[in-house]
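*Asks:* Before we start, here is the structure in question, set down as structure tokens.
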Amino acid sequence: MSEPMLQVTDLHAYYGKSHVLNGVNMEIMPGEVIALLGRNGVGRSTTAKAIMGEVAPVGSVRFKGQEIGGMPNHKISRLGLGYVPESRDIFPTMTVRQNLMLGVKDLRNPGKYTVDQMLDMFPNLRERADNMAGVLSGGEKQMLTMCRTLMGDPDLIIIDEPTEGLAPKIVHQVGEMIAEIAKSGVSILLVEQKLSIALKIADRVYVMGHGEIVYSGTPEDFKTRDDIRKEWLEV
Amino acid sequence: METIVFSLLNGTIYGLLLFMLSSGLTLIFSMMGVLNFAHASFYMLGAYCAYTIMGVTNFWLALLLAPILVGAVGMGVERWGLRKVHANGHVAELLFTFGLAYLIDEVVKIIWGRTSVNYKVPESLDFTLFTLYGSNYPAYRIFILFVSIFMLVSLWYLLKKTRVGLIIQAALTHPHMVGHLGHNVPLVFMGVFGAGCALAGLAGVIGGNYFITDPAMAVQMGPIVFVVVVVGGLGSLEGAFVAAMLIGILQTSAVSINASFADIFGFLGMTATSEVGGITIASLAPMLPFLMLVLILIVKPTGLMGDREV
């Protein structure tokens with residue numbers, strides 16, 4: 001059994017006085033795709049943010065055996081942990097190509113993809129390569145932001161709500177793309193509400209409720225657990 | 001004709017100097033989210049440093065070293081001052097830069113005295129370049145023009161055409177995301193602050209001997225630079241450029257108009273006998289930038305080219 005790539009132990013987080021994470025425990029093995037499910041407001045995005053240092057983490061977050069809690073975000077990134085935030089944060093006044101270039105951390109030591117290879121893999125972006133990123137559709141922006149993070153050659157990507165606000169057809173495309181990324185061997189922590197996508201690509205499922213993990217299992221097992229679905233997911 | 005040509009030329013030079021100051025300020029604004037009240041103090045520091053360096057060596061070395069020195073001071077201020085204050089919000093930052101402006105003022109008075117210093121145009125540039133309509137045009141002004149244009153082109157190239165420029169632009173709008181992509185944003189910010197201060201310092205080096213180098217120069221220049229940044233649109237370099245040129249040319253032209261209100265009233269067939277009649281157009285020049293500021297805030301609060309409200 002190898003070391004977990006990411007190990008989160010008793011993670012707490014606070015927004016002002018409100019206690020949002022109540023001791024989250026999770027681990028992600030190399031190459032694993034994990035779906036983090038749960039209703040709105042149970043702390044899924046906050047878990048992602050606390051791991052990335054966007055929200056001050058209390059507890060232990062270890063990436064490749066190293067404690068990353070409190071580390072500056074560029075150092076976390078350089079250890080090989082990529083983050084695709086819910087807000088997407090593309091750079092609107094730059095072209096798609098320029099956005100992708102900014103995903104490269106160090107020009108002297110570029111990742112396994114060049115901008116052109118990335119554009120070949122995702123033809124939707126190829127058409128838009130020299131357009132300003134600000135004029136892309138929501139789905140295209142989501143693809144761009146994932147590709148941009150991939151340019152930095154991460155070993156684990158945390159993708160927060162990638163399909164939020166997208167049309168059903170586009171949701172499907174984004175889902176395919178995440179499956180594609182997973183195939184390339186990158187570990188993924190996917191924060192997602194749409195079960196259709198999450199269950200198709202995940203190796204393991206975590207369900208959150210009230211700021212902690214309430215269920216952990218394989219998608220096959222999860223499909224048989226109506227009780228978990230009723231109590232923690234259905235509205 | 002003569003007046004127009006000279007006004008345009010002098011106005012352009014003044015405008016470019018204003019832009020050199022406001023380009024740094026507007027970049028720093030994008031980064032901090034508040035205006036840096038101490039920005040014009042770095043301009044003053046540039047002039048005084050150049051004066052001292054020139055006294056020991058020569059002008060050319062001063063032209064090179066003074067901006068670097070001022071930039072280094074700026075980086076230090078960012079690294080050990082602003083970065084710590086930033087965590088406590090905008091009001092704290094604003095107060096910090098306010099205090100810093102006074103601090104630099106006092107330091108300058110202690111080191112160089114309360115009266116103006118004799119920072120002169122170097123002899124090698126102190127000659128008449130050409131004579132136009134019977135008036136001599138000093139070479140130093142054209143020198144300012146060239147240095148400013150060189151700076152403008154370099155800045156544009158750096159920001160738009162290089163990878164560092166892309167990282168800076170992205171970091172100004174999305175600092176967290178840029179950090180998550182593996183770029184050292186605090187270092188970028190320190191660099192931007194330092195470079196902005198160095199530009200202000202450079203403006204001081206070439207402007208200090210064109211105007212006067214005295215402890216009041218920061219207080220005189222500061223408000224006008226703010227006007228440029230706000231009129232241009234907070235955070236917009238293009239806007240700052242347009243506003244700087246506009247104010248430069250407008251103000252310089254107004255100074256050279258040799259007419260008073262009495263003349264205008266006379267032209268309209270009225271007579272003015274009160275104090276109002278004695279006001280000259282030239283005397284209105286210092287008011288113009290602030291009039292523009294007030295008007296633009298009423299008409300277009302985001303400034304000429306900005307997208308943020310003040």
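Residue numbering restarts at 1 in every chain; chains get A, B, ... in the order shown in the structure tokens, and ligands count up from 1 in that same order.
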For chain B against chain A, which residues fall within 10 Å using only C-alpha atoms, given as a ChimeraX atom specification?
*Replies:* /B:160,163-164,166-167,169-171,173-186
*Asks:* Excluding same-chain residues fewer than 6 positions from B:Ser236, what lies within 10 Å of it counting only C-alpha atoms, as a list in words?
*Replies:*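 The residues that qualify are Ser23, Thr26, Leu27, Phe29, Ser30, Val229, Val230, Gly303, Leu304, Met305, Gly306, Asp307 and Arg308 of chain B.
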*Asks:* Excluding B:Thr97 and residues on its chain fewer than 3 positions from it, collect all residues at most 7 Å away from it, counting only C-alpha atoms, and give them as a ChimeraX atom specification.
*Replies:* /B:36-38,93-94,100-101
*Asks:* So, counting only C-alpha atoms, which residue among B:Leu199, B:Val225, B:Cys49, B:Met292 is closest to B:Ile111?
*Replies:*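 Among the listed residues, B:Cys49 lies closest to B:Ile111.
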*Asks:* For stretch 214-220 of chain A, work out the shell of residues within 10 Å, counting only C-alpha atoms and skipping chain neighbours fewer than 4 positions away, then give it as a list in words.
*Replies:*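 Here the answer would be Val24, Met26, Ile34, Ala35, Leu36, Leu37, Gly38, Leu195, Ala198, Leu199, Lys200, Ile201, Ala202, Asp203, Arg204, Val205, Tyr206, Val207, Met208, Gly209, His210, Thr224, Arg225, Ile228, Arg229 and Trp232 of chain A.
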*Asks:* Got a sec: who's within 9 Å of A:Glu140, counting only C-alpha atoms, leaving out chain neighbours fewer than 4 positions off, as number ranges by chain?
*Replies:* A: 124-125, 128, 133, 136, 144-145, 170, 174
*Asks:* Residues within 10 Å of stretch 14-20 of chain A, please, as a tab-separated table (two decimals) with C-alpha atoms, in the first residue's frame. Count only C-alpha atoms; anything in the same chain fewer than 5 positions from it doesn't count.
*Replies:*
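The result, stored in selection_1.tsv:
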chain	number	residue	atom	x	y	z
A	41	GLY	CA	-23.86	24.68	2.38
A	42	VAL	CA	-22.49	21.53	4.02
A	43	GLY	CA	-18.91	22.65	3.49
A	44	ARG	CA	-17.76	20.91	0.30
A	46	THR	CA	-14.96	25.14	2.03
A	47	THR	CA	-13.10	21.84	2.29
A	50	ALA	CA	-9.22	25.01	3.28
A	55	VAL	CA	-9.72	29.64	4.00
A	56	ALA	CA	-7.41	29.26	6.98
A	57	PRO	CA	-7.23	25.53	7.75
A	58	VAL	CA	-7.15	24.27	11.33
A	210	HIS	CA	-22.84	19.36	8.64
A	211	GLY	CA	-19.17	20.00	8.00
A	212	GLU	CA	-17.94	16.42	8.20
*Asks:* Do you have the atom CA of A:Val33-atom CA of A:Met177 distance handy?
*Replies:*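 Straight-line distance from atom CA of A:Val33 to atom CA of A:Met177 works out to 13.3 Å.
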*Asks:* Just want the 12 Å neighbourhood of B:Ile4, counted on only C-alpha atoms, with same-chain residues fewer than 2 positions away dropped. Output as number ranges by chain.
*Replies:* B: 1-2, 6-12, 133, 249-250, 252-257
